[in-house]
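Below: the structure, in structure tokens.
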Amino acid sequence: MHVPFECTEADTQAAGLGCAEEEPCPVFLELASVDSAGNKIFLAGNLHTATTTLYSVLLVSEDAGKTWNEPHPRIPLSGLDQIQFIDFQNGWISGANLQSAPRDPFLLLTTDGGKTWHQRPIFEESRVAAIEQFRFESRENGSLLVDARLDNNLHELYETRTGGESWSMKQASEKPIAFPAKDPGGTSLWRLRADAANHSYDLEKSDGARWQKVASFLVSTGVCK
């Protein structure tokens, strides 16, 4: 599959790219994570050049990987990372603005099985920081680790009792903080594998004995000129 992308003049200006007709800037797809909710498969990542992240990407399939669509608009200069669904309806995806250093971390939240998503920042003010790890143990309760070393040389632990709508700090330390949320255990049925020979990401599902390819996504998506 080819994820479509048309680079505009506004894109090159916003990203500060020095692309030209004679020397265009190739644009690549990066897929960071996969999760499922019922019969839906979700993939998260970004579109980037060799030097700059252009947009976040969120893909969903409701027909076992045959067709895909984007349930949320691409977020400029940002990327998406970890995905967690706690049931068929409630899910979260971590992200951040990736212009220069990661900053302004946020979550995408859904309560309707991924049909719609809304973006919630972790902080009220702009900060150079990134989400290291998050985990929800129920629809309301979750924990989140932030790497803020470029901002204040600290690791920071937060918790929510509002499903990720708001967060409160529980701990800050110059040393890495042990994540309090329990590992759910088990082995994921899904994985992403980079296929260097075909310049693609392969989405694979385990049948218990082996991995079977469900879909393939080309790394190359276009150019900026």
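In the structure tokens, chains take the letters A, B, ... in the order shown, each chain's residues start at 1, and ligands count up from 1 in the order shown.
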Quiz item: What lies within 6 Å of stretch 82-87 of chain A using only C-alpha atoms, ignoring chain neighbours under 6 positions off, as a ChimeraX atom specification?
Solution: /A:33,93-94
I need the chosen residues saved as a short mmCIF file (atom, residue, chain, number, x, y, z; two decimals), in the first residue's frame, with N, CA, C and O atoms.
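Listing of result-v8.cif after writing:
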data_model
loop_
_atom_site.label_atom_id
_atom_site.label_comp_id
_atom_site.auth_asym_id
_atom_site.auth_seq_id
_atom_site.Cartn_x
_atom_site.Cartn_y
_atom_site.Cartn_z
N SER A 33 3.88 1.90 15.74
CA SER A 33 3.18 0.96 16.62
C SER A 33 1.89 0.47 15.98
O SER A 33 1.36 1.08 15.04
N ILE A 93 -3.35 7.25 22.12
CA ILE A 93 -2.12 7.23 21.32
C ILE A 93 -1.25 8.39 21.77
O ILE A 93 -1.74 9.53 21.88
N SER A 94 0.02 8.14 22.03
CA SER A 94 0.93 9.21 22.45
C SER A 94 1.55 9.87 21.23
O SER A 94 1.73 9.26 20.17
#
Practice problem: Please provide as a count of residues only all residues within 8 Å of A:Glu30, with the sequence filter that same-chain residues fewer than 2 positions apart are discarded (counting only C-alpha atoms). | Solution: 7
Practice problem: Using only C-alpha atoms, find the one residue out of A:Lys182, A:His72, A:His118, A:Lys225 that sits nearest to A:Gly142. | Solution: A:Lys182
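From atom CA of A:Asn69 back to atom CA of A:Ala10, the distance works out to 23.8 Å.
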Quiz item: With distances taken over only C-alpha atoms, which of A:Ala215, A:Leu189, A:Leu108, A:Cys7 is nearest to A:Glu165?
Solution: A:Leu108
Practice problem: Determine which residues of stretch 107-178 of chain A receive a DSSP assignment of strand (DSSP E or B), computed from the backbone, and state them as a VMD selection string. | Solution: chain A and resid 107 to 110 118 to 121 130 to 136 142 to 148 154 to 160 168 to 173
Go ahead and write the residues just picked, N, CA, C and O atoms, as a CSV table (one decimal), in the first residue's frame.
chain,number,residue,atom,x,y,z
A,107,LEU,N,-1.7,13.3,24.0
A,107,LEU,CA,-2.4,12.1,23.7
A,107,LEU,C,-3.6,12.3,22.8
A,107,LEU,O,-4.2,13.4,22.9
A,108,LEU,N,-3.8,11.4,21.9
A,108,LEU,CA,-5.1,11.3,21.1
A,108,LEU,C,-6.0,10.3,21.9
A,108,LEU,O,-5.5,9.2,22.3
A,109,LEU,N,-7.2,10.7,22.2
A,109,LEU,CA,-8.1,9.9,22.9
A,109,LEU,C,-9.4,9.6,22.1
A,109,LEU,O,-9.8,10.4,21.3
A,110,THR,N,-9.9,8.3,22.2
A,110,THR,CA,-11.1,7.9,21.6
A,110,THR,C,-12.0,7.2,22.6
A,110,THR,O,-11.4,6.5,23.5
A,118,HIS,N,-9.8,13.0,19.8
A,118,HIS,CA,-9.5,14.3,20.2
A,118,HIS,C,-8.1,14.4,20.9
A,118,HIS,O,-7.7,13.5,21.6
A,119,GLN,N,-7.5,15.5,20.7
A,119,GLN,CA,-6.1,15.7,21.1
A,119,GLN,C,-6.1,16.4,22.5
A,119,GLN,O,-6.7,17.5,22.6
A,120,ARG,N,-5.3,15.9,23.4
A,120,ARG,CA,-5.2,16.5,24.8
A,120,ARG,C,-3.7,16.7,25.1
A,120,ARG,O,-3.0,15.7,25.2
A,121,PRO,N,-3.3,17.9,25.3
A,121,PRO,CA,-1.9,18.1,25.7
A,121,PRO,C,-1.6,17.6,27.1
A,121,PRO,O,-2.5,17.6,28.0
A,130,ALA,N,9.1,14.6,26.1
A,130,ALA,CA,8.5,13.5,25.3
A,130,ALA,C,7.9,12.4,26.2
A,130,ALA,O,8.4,12.2,27.3
A,131,ILE,N,6.9,11.7,25.8
A,131,ILE,CA,6.3,10.6,26.6
A,131,ILE,C,7.2,9.4,26.4
A,131,ILE,O,7.4,8.9,25.3
A,132,GLU,N,7.7,8.9,27.6
A,132,GLU,CA,8.5,7.7,27.5
A,132,GLU,C,7.6,6.4,27.5
A,132,GLU,O,7.9,5.5,26.7
A,133,GLN,N,6.6,6.5,28.3
A,133,GLN,CA,5.7,5.3,28.4
A,133,GLN,C,4.4,5.7,29.1
A,133,GLN,O,4.4,6.6,29.9
A,134,PHE,N,3.3,5.1,28.7
A,134,PHE,CA,2.0,5.3,29.4
A,134,PHE,C,1.3,4.0,29.4
A,134,PHE,O,1.5,3.1,28.6
A,135,ARG,N,0.4,3.9,30.4
A,135,ARG,CA,-0.5,2.7,30.5
A,135,ARG,C,-1.7,3.0,31.3
A,135,ARG,O,-1.7,3.7,32.3
A,136,PHE,N,-2.9,2.6,30.7
A,136,PHE,CA,-4.1,2.8,31.4
A,136,PHE,C,-4.6,1.4,32.0
A,136,PHE,O,-4.5,0.4,31.3
A,142,GLY,N,-4.8,6.0,34.8
A,142,GLY,CA,-3.6,5.7,34.0
A,142,GLY,C,-2.4,6.4,34.5
A,142,GLY,O,-2.4,7.3,35.4
A,143,SER,N,-1.2,5.9,34.1
A,143,SER,CA,0.1,6.5,34.5
A,143,SER,C,0.9,6.9,33.2
A,143,SER,O,0.7,6.2,32.2
A,144,LEU,N,1.8,7.8,33.4
A,144,LEU,CA,2.5,8.3,32.2
A,144,LEU,C,3.9,8.8,32.7
A,144,LEU,O,4.0,9.6,33.6
A,145,LEU,N,4.9,8.4,32.0
A,145,LEU,CA,6.3,8.8,32.2
A,145,LEU,C,6.7,9.8,31.2
A,145,LEU,O,6.5,9.6,30.0
A,146,VAL,N,7.3,10.9,31.6
A,146,VAL,CA,7.8,12.0,30.7
A,146,VAL,C,9.3,12.1,30.8
A,146,VAL,O,9.8,12.2,31.9
A,147,ASP,N,10.0,12.1,29.7
A,147,ASP,CA,11.4,12.5,29.6
A,147,ASP,C,11.6,14.0,29.4
A,147,ASP,O,11.3,14.4,28.3
A,148,ALA,N,11.9,14.7,30.4
A,148,ALA,CA,12.0,16.2,30.3
A,148,ALA,C,13.5,16.6,30.6
A,148,ALA,O,13.7,17.7,31.0
A,154,LEU,N,15.1,16.3,34.2
A,154,LEU,CA,14.3,15.4,35.1
A,154,LEU,C,13.5,14.4,34.3
A,154,LEU,O,13.1,14.6,33.1
A,155,HIS,N,13.2,13.2,34.9
A,155,HIS,CA,12.2,12.3,34.5
A,155,HIS,C,11.0,12.6,35.4
A,155,HIS,O,11.1,12.9,36.6
A,156,GLU,N,9.8,12.6,34.8
A,156,GLU,CA,8.6,13.0,35.6
A,156,GLU,C,7.5,11.9,35.4
A,156,GLU,O,7.2,11.4,34.3
A,157,LEU,N,6.8,11.6,36.5
A,157,LEU,CA,5.8,10.6,36.5
A,157,LEU,C,4.4,11.3,36.8
A,157,LEU,O,4.3,12.1,37.7
A,158,TYR,N,3.4,11.0,36.0
A,158,TYR,CA,2.1,11.6,36.1
A,158,TYR,C,1.0,10.6,36.2
A,158,TYR,O,1.2,9.4,35.8
A,159,GLU,N,-0.1,10.9,36.8
A,159,GLU,CA,-1.2,10.0,36.8
A,159,GLU,C,-2.5,10.8,36.4
A,159,GLU,O,-2.6,12.0,36.6
A,160,THR,N,-3.5,10.1,35.9
A,160,THR,CA,-4.8,10.6,35.6
A,160,THR,C,-5.9,9.8,36.2
A,160,THR,O,-5.8,8.6,36.3
A,168,SER,N,-1.8,14.9,36.7
A,168,SER,CA,-1.1,15.5,37.9
A,168,SER,C,0.2,14.8,38.1
A,168,SER,O,0.3,13.6,38.0
A,169,MET,N,1.2,15.6,38.5
A,169,MET,CA,2.6,15.0,38.7
A,169,MET,C,2.6,14.3,40.0
A,169,MET,O,2.1,14.8,41.0
A,170,LYS,N,3.2,13.1,40.0
A,170,LYS,CA,3.4,12.4,41.3
A,170,LYS,C,4.8,12.3,41.7
A,170,LYS,O,5.1,12.1,42.9
A,171,GLN,N,5.8,12.4,40.8
A,171,GLN,CA,7.2,12.2,41.1
A,171,GLN,C,8.1,12.9,40.0
A,171,GLN,O,7.7,12.9,38.9
A,172,ALA,N,9.2,13.4,40.5
A,172,ALA,CA,10.2,13.9,39.5
A,172,ALA,C,11.6,13.5,40.1
A,172,ALA,O,11.8,13.6,41.3
A,173,SER,N,12.5,13.1,39.2
A,173,SER,CA,13.8,12.6,39.6
A,173,SER,C,14.8,12.8,38.5
A,173,SER,O,14.4,12.6,37.3
Quiz prompt | stretch 53-67 of chain A surroundings by only C-alpha atoms, 6 Å radius, close-in-sequence under 6 positions cut, as a list in words | solution = Asn39, Lys40, Ile41, Phe42, Leu43, Ala44, Gly45, Asn46, Leu47, Arg74, Ile75, Pro76, Leu77, Ser78, Gly79, Leu80, Val214 and Ala215 of chain A
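Of all the residues in stretch 87-205 of chain A, the ones DSSP labels as alpha helix (DSSP H) from the backbone are A:Arg149, A:Leu150, A:Asp151, A:Asn152.
Each of A:Ala37, A:Ser126, A:Gly222, A:Gly16 was checked against A:Asp151 using only C-alpha atoms; the smallest atom-to-atom distance is that of A:Ser126.
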Quiz prompt | Pick from A:Pro71, A:Gly91, A:Pro24, A:Gly114, whichever lies nearest to A:Gly163 using only C-alpha atoms | solution = A:Gly91
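Minimum atom-to-atom distance to A:Pro176, evaluated using only C-alpha atoms, belongs to A:Arg149 out of A:Arg149, A:Arg193, A:Lys213, A:Lys205.
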Quiz prompt | Test item: residues at most 12 Å from A:Ala196, only C-alpha atoms, excluding those fewer than 5 positions along its chain, as a PyMOL selection string | solution = chain A and resi 201-202+217-219
Those same residues, written as a compact mmCIF listing (two decimals), in the first residue's frame with N, CA, C and O atoms?
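Result went into out.txt, see below:
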# COMPACT_ATOMS: atom_id res chain seq x y z
N TYR A 201 7.10 -1.43 5.26
CA TYR A 201 6.75 -1.98 6.56
C TYR A 201 5.71 -3.07 6.34
O TYR A 201 4.68 -2.84 5.68
N ASP A 202 5.95 -4.25 6.90
CA ASP A 202 4.99 -5.34 6.82
C ASP A 202 4.22 -5.45 8.13
O ASP A 202 4.83 -5.49 9.21
N PHE A 217 3.25 -1.62 3.59
CA PHE A 217 3.18 -0.18 3.36
C PHE A 217 4.54 0.31 2.85
O PHE A 217 5.56 0.13 3.52
N LEU A 218 4.54 0.94 1.69
CA LEU A 218 5.78 1.45 1.12
C LEU A 218 6.33 2.59 1.97
O LEU A 218 5.58 3.46 2.43
N VAL A 219 7.64 2.58 2.17
CA VAL A 219 8.30 3.64 2.93
C VAL A 219 8.26 4.95 2.16
O VAL A 219 8.00 6.01 2.72
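Counting only C-alpha atoms, the residue from A:Ser166, A:Thr12, A:Asn97, A:Ser188 that sits nearest to A:Glu124 is A:Ser166.
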Quiz item: Can you tell me, as a ChimeraX atom specification, what residues are no more than 7 Å from A:Arg191 when counting only C-alpha atoms, ignoring any on the same chain fewer than 5 positions away?
Solution: /A:34,203-205
